[in-house]
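What follows is one structure encoded as structure tokens, with my remarks underneath.
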Amino acid sequence: MVLSCRNVLSNFRCIAYIKDLMPEPLSVLYENPNQSKRAYHILGQKQGKLCIETWNPTKTSCENYEWFISGVPVLWDDIDPQDLYKKIVTEAADHSHVWGLPRGNHPDATDKSRNLWQEIQNIFQVNVHESRDIAYTAIEDCIKNHTMKRETNYLHNILGLDNQGNLCQLVETGKLEDLGQKLAKRNVKRALCVDNSGSITIQFYKKGFPGEACQLAAAPNQRPPGTAYLVVVLPDAGFGSL
């Protein structure tokens, strides 16, 4: 199985690390993970087991992990909803995923929505290494002067771990926290959003690499080239229904 996680190395706060290939995590330009005063939320492998946890570069060595990627937390144990929202605001570098702010060539985009998106992006970038409280306050000071509605129609790709450590995936449109709660009903405890909309792809290679790929999921606006993918080796080629 090949699962896209294409925010990685495309967006701020979406870093990647592979122990055998790099001495420290990689990030986009103008971000240095080792300078971050707030923790990243990572999906990775530690001591041979998958984990979703926070990684603080000032407290924990990346060498404790075989690999990890970071994403936007949409479910985090029993955290207070406002605290989860604060995490989302300060980790989601594409603000169209959080609020109704169409940009680029989106049919609903306007000069106003594009300019506001860019204003928030500038603030996000300036505070990309700051503490969560400082970054959140800076962004909130901007958006409180505007009528902002939460985004509920964006397609998101979410990966989580259940209470037995099994990897779970949800690809669906909706508000980020609501999608997290859908996974919670499947006994998932923590989950990260790893890519969105046209970046999302799920492919199944029944005979492995190299071999023919079966496309299991993708959006109509899929953009084939991508930066990062998670390869999952299944115990067999069978499927079962939930």
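Following the order of the structure tokens, first chain is A, next is B, and so on, with residues numbered from 1 inside each chain and ligands from 1 in the order they appear.
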**Asked** Can you tell me, as a ChimeraX atom specification, what residues are no more than 7 Å from segment 222-230 of chain A when counting only C-alpha atoms, ignoring any on the same chain fewer than 2 positions away?
**Response** /A:2-6,8-9,198-200,218-220,232
File dump, residues just selected, C-alpha atoms, as a compact mmCIF listing (two decimals), in the first residue's frame:
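Below you can see again_17.txt, which holds the result:
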```txt
# COMPACT_ATOMS: atom_id res chain seq x y z
CA VAL A 2 1.21 3.48 -0.83
CA LEU A 3 -0.41 6.26 1.19
CA SER A 4 0.23 9.87 0.31
CA CYS A 5 1.40 12.30 2.98
CA ARG A 6 2.23 15.11 0.64
CA VAL A 8 5.40 16.70 4.21
CA LEU A 9 8.23 18.84 2.80
CA GLY A 198 -5.76 16.76 -5.00
CA SER A 199 -2.67 15.58 -3.14
CA ILE A 200 -4.44 12.51 -1.75
CA ALA A 218 -7.99 9.88 -5.25
CA ALA A 219 -9.78 13.16 -5.78
CA PRO A 220 -10.93 14.25 -9.26
CA VAL A 232 2.92 0.01 4.16
```
**Message:** For Arg186 of chain A, find every residue with an atom within 12 Å (counting only C-alpha atoms), except residues of its own chain fewer than 6 positions away, and show them as number ranges by chain.
**Reply:** A: 160-164, 166-170, 179-180, 242
**Contact residues around Lys46 of chain A with only C-alpha atoms at 12 Å, ignoring same-chain residues under 5 positions, as a list in words** = Ile18, Lys19, Cys51, Ile52, Glu53, Trp55, Ser61, Cys62, Glu63, Asn64, Tyr65, Glu66, Trp67 and Phe68 of chain A
How would the residues just picked look written out with C-alpha atoms as a PDB file, in the first residue's frame?
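What landed in part_3.pdb:
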```pdb
ATOM      1  CA  ILE A  18      14.689   8.864   8.240  1.00  0.00           C
ATOM      2  CA  LYS A  19      17.456   7.753  10.572  1.00  0.00           C
ATOM      3  CA  CYS A  51       3.759   5.837  17.449  1.00  0.00           C
ATOM      4  CA  ILE A  52       1.969   9.169  17.326  1.00  0.00           C
ATOM      5  CA  GLU A  53       3.407  11.626  19.809  1.00  0.00           C
ATOM      6  CA  TRP A  55       8.604  15.635  19.299  1.00  0.00           C
ATOM      7  CA  SER A  61      16.857  13.452  19.997  1.00  0.00           C
ATOM      8  CA  CYS A  62      15.455  12.514  16.611  1.00  0.00           C
ATOM      9  CA  GLU A  63      17.759   9.480  16.736  1.00  0.00           C
ATOM     10  CA  ASN A  64      15.261   7.830  19.105  1.00  0.00           C
ATOM     11  CA  TYR A  65      13.122   7.153  16.018  1.00  0.00           C
ATOM     12  CA  GLU A  66      13.675   5.013  12.933  1.00  0.00           C
ATOM     13  CA  TRP A  67      11.647   7.571  10.969  1.00  0.00           C
ATOM     14  CA  PHE A  68       8.875  10.094  11.411  1.00  0.00           C
TER      15      PHE A  68
END
```
Once you count only C-alpha atoms, what closest atom pair and distance in Å to one decimal does each residue of segment 158-185 of chain A within 10 Å of segment 77-85 of chain A have, with rows by chain and rising residue number, as a tab-separated table?
```
residue	atom	partner	partner_atom	distance
A:Leu176	CA	A:Tyr85	CA	9.3
A:Glu177	CA	A:Tyr85	CA	7.9
A:Ala184	CA	A:Asp77	CA	8.8
```
Written selection (N, CA and C atoms) as a short mmCIF file (atom, residue, chain, number, x, y, z; two decimals), in the first residue's frame:
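After the write, part22.cif holds the following:
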```cif
data_model
loop_
_atom_site.label_atom_id
_atom_site.label_comp_id
_atom_site.auth_asym_id
_atom_site.auth_seq_id
_atom_site.Cartn_x
_atom_site.Cartn_y
_atom_site.Cartn_z
N LEU A 176 -11.93 19.47 10.49
CA LEU A 176 -10.84 18.61 10.94
C LEU A 176 -11.15 17.89 12.24
N GLU A 177 -11.64 18.62 13.24
CA GLU A 177 -11.92 18.00 14.53
C GLU A 177 -13.04 16.96 14.42
N ALA A 184 -12.19 8.48 16.43
CA ALA A 184 -12.28 8.14 17.86
C ALA A 184 -13.33 7.06 18.09
#
```
**Request:** Any chance you could list, as a PyMOL selection string, the residues in segment 93-240 of chain A that come up helix (DSSP H, G or I) when DSSP is run on the backbone?
**Result:** chain A and resi 95-97+111-126+132-143+176-184+197-199
**Asked** Could you write out, as an MDAnalysis selection string, all the residues of segment 88-202 of chain A that DSSP marks as strand (DSSP E)?
**Response** chainID A and resid 155:162 167:173 188:196 201:202
Go ahead and save the residues from that selection, with N, CA and C atoms, as a CSV table (one decimal), in the first residue's frame.
```csv
chain,number,residue,atom,x,y,z
A,155,LEU,N,-11.5,18.1,1.4
A,155,LEU,CA,-11.2,16.6,1.5
A,155,LEU,C,-9.8,16.5,2.3
A,156,HIS,N,-9.8,15.7,3.3
A,156,HIS,CA,-8.6,15.5,4.1
A,156,HIS,C,-8.2,14.0,4.2
A,157,ASN,N,-7.0,13.8,4.4
A,157,ASN,CA,-6.4,12.4,4.5
A,157,ASN,C,-5.8,12.4,5.9
A,158,ILE,N,-6.4,11.5,6.7
A,158,ILE,CA,-6.0,11.4,8.2
A,158,ILE,C,-5.5,10.0,8.5
A,159,LEU,N,-4.4,10.0,9.2
A,159,LEU,CA,-3.8,8.7,9.7
A,159,LEU,C,-3.8,8.7,11.2
A,160,GLY,N,-4.2,7.6,11.8
A,160,GLY,CA,-4.2,7.5,13.3
A,160,GLY,C,-3.8,6.1,13.7
A,161,LEU,N,-3.7,6.0,15.0
A,161,LEU,CA,-3.4,4.7,15.7
A,161,LEU,C,-4.5,4.4,16.7
A,162,ASP,N,-4.9,3.2,16.6
A,162,ASP,CA,-5.9,2.8,17.6
A,162,ASP,C,-5.3,2.3,18.9
A,167,LEU,N,-2.5,0.9,12.5
A,167,LEU,CA,-2.6,2.1,11.7
A,167,LEU,C,-4.0,2.2,11.0
A,168,CYS,N,-4.7,3.4,11.2
A,168,CYS,CA,-6.0,3.6,10.7
A,168,CYS,C,-6.0,4.8,9.8
A,169,GLN,N,-6.9,4.8,8.7
A,169,GLN,CA,-6.9,5.9,7.8
A,169,GLN,C,-8.3,6.3,7.5
A,170,LEU,N,-8.5,7.6,7.4
A,170,LEU,CA,-9.8,8.2,7.0
A,170,LEU,C,-9.6,9.2,6.0
A,171,VAL,N,-10.3,9.1,4.8
A,171,VAL,CA,-10.2,10.1,3.8
A,171,VAL,C,-11.7,10.6,3.6
A,172,GLU,N,-11.9,11.8,4.0
A,172,GLU,CA,-13.3,12.3,3.9
A,172,GLU,C,-13.3,13.8,4.0
A,173,THR,N,-14.4,14.4,3.5
A,173,THR,CA,-14.6,15.9,3.7
A,173,THR,C,-15.2,16.2,5.0
A,188,VAL,N,-9.6,4.9,17.8
A,188,VAL,CA,-8.4,5.6,17.6
A,188,VAL,C,-8.2,6.7,18.6
A,189,LYS,N,-6.9,6.8,19.1
A,189,LYS,CA,-6.6,7.7,20.2
A,189,LYS,C,-6.0,9.0,19.8
A,190,ARG,N,-5.2,8.9,18.7
A,190,ARG,CA,-4.5,10.1,18.2
A,190,ARG,C,-4.5,10.0,16.7
A,191,ALA,N,-4.6,11.2,16.0
A,191,ALA,CA,-4.6,11.1,14.5
A,191,ALA,C,-4.1,12.5,14.0
A,192,LEU,N,-3.4,12.4,12.8
A,192,LEU,CA,-2.8,13.5,12.2
A,192,LEU,C,-3.4,13.6,10.7
A,193,CYS,N,-3.7,14.9,10.3
A,193,CYS,CA,-4.0,15.1,8.9
A,193,CYS,C,-2.6,15.3,8.1
A,194,VAL,N,-2.5,14.5,7.1
A,194,VAL,CA,-1.2,14.5,6.4
A,194,VAL,C,-1.2,15.0,5.0
A,195,ASP,N,-2.4,15.1,4.3
A,195,ASP,CA,-2.5,15.8,3.1
A,195,ASP,C,-4.0,16.0,2.8
A,196,ASN,N,-4.2,16.7,1.6
A,196,ASN,CA,-5.6,17.2,1.4
A,196,ASN,C,-5.9,17.2,-0.1
A,201,THR,N,-3.7,10.3,-2.5
A,201,THR,CA,-3.8,9.1,-3.3
A,201,THR,C,-3.5,7.9,-2.4
A,202,ILE,N,-4.2,6.8,-2.7
A,202,ILE,CA,-4.0,5.5,-2.0
A,202,ILE,C,-3.9,4.5,-3.1
```
**Asked** Near Tyr17 of chain A, counting only C-alpha atoms, which residues have an atom at most 7 Å away, once you skip same-chain residues fewer than 5 positions from it, shown as a ChimeraX atom specification?
**Response** /A:22,24-26,67-69
**Message:** So that I can see what lies close to segment 89-94 of chain A, please list as a VMD selection string the residues with an atom at most 6 Å from it, counting only C-alpha atoms and leaving out residues fewer than 4 positions away in the same chain.
**Reply:** chain A and resid 12 to 13 72 136
**Message:** So that I can see what lies close to segment 101-115 of chain A, please list as an MDAnalysis selection string the residues with an atom at most 12 Å from it, counting only C-alpha atoms and leaving out residues fewer than 3 positions away in the same chain.
**Reply:** chainID A and resid 94:98 118:122 143 146:154 197 221
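Of the listed residues A:Ala39, A:Val28, A:Cys14, A:Lys207, the one whose atoms come nearest to Asp133 of chain A is A:Ala39, with distances taken using only C-alpha atoms.
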**Item:** Ala135 of chain A environment, 9 Å, only C-alpha atoms, sequence neighbours closer than 4 positions dropped, as a list of chain:residue names
**Value:** A:Val89, A:Thr90, A:Ile123, A:Phe124, A:Val126, A:Asn127, A:Val128, A:His129, A:Glu130, A:Ser131, A:Ile139, A:Glu140
Same residues, C-alpha atoms, saved as a CSV table (one decimal), in the first residue's frame:
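This is the output file result_11.csv:
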```
chain,number,residue,atom,x,y,z
A,89,VAL,CA,-4.3,26.7,14.1
A,90,THR,CA,-0.6,26.7,14.8
A,123,ILE,CA,2.0,35.8,10.3
A,124,PHE,CA,2.4,32.0,10.4
A,126,VAL,CA,7.1,34.8,11.1
A,127,ASN,CA,6.0,32.7,14.1
A,128,VAL,CA,6.9,29.3,12.7
A,129,HIS,CA,9.5,28.7,15.4
A,130,GLU,CA,7.7,30.5,18.2
A,131,SER,CA,5.9,28.9,21.2
A,139,ILE,CA,-2.9,34.5,14.3
A,140,GLU,CA,-6.0,35.1,16.4
```
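Atom CA of Leu43 of chain A is found 22.7 Å from atom CA of Tyr30 of chain A.
For the residues A:Leu21, A:Leu116, A:Leu216, A:Ile42, ranking by smallest atom-to-atom distance to Ser70 of chain A using only C-alpha atoms places A:Ile42 first.
Straight-line separation from atom CA of Ile134 of chain A to atom CA of Ser36 of chain A: 12.2 Å.
Of the residues under consideration (A:Leu234, A:Leu183, A:Leu75, A:Ala138), A:Leu234 shows the shortest atom-to-atom contact distance to Gly208 of chain A when counting only C-alpha atoms.
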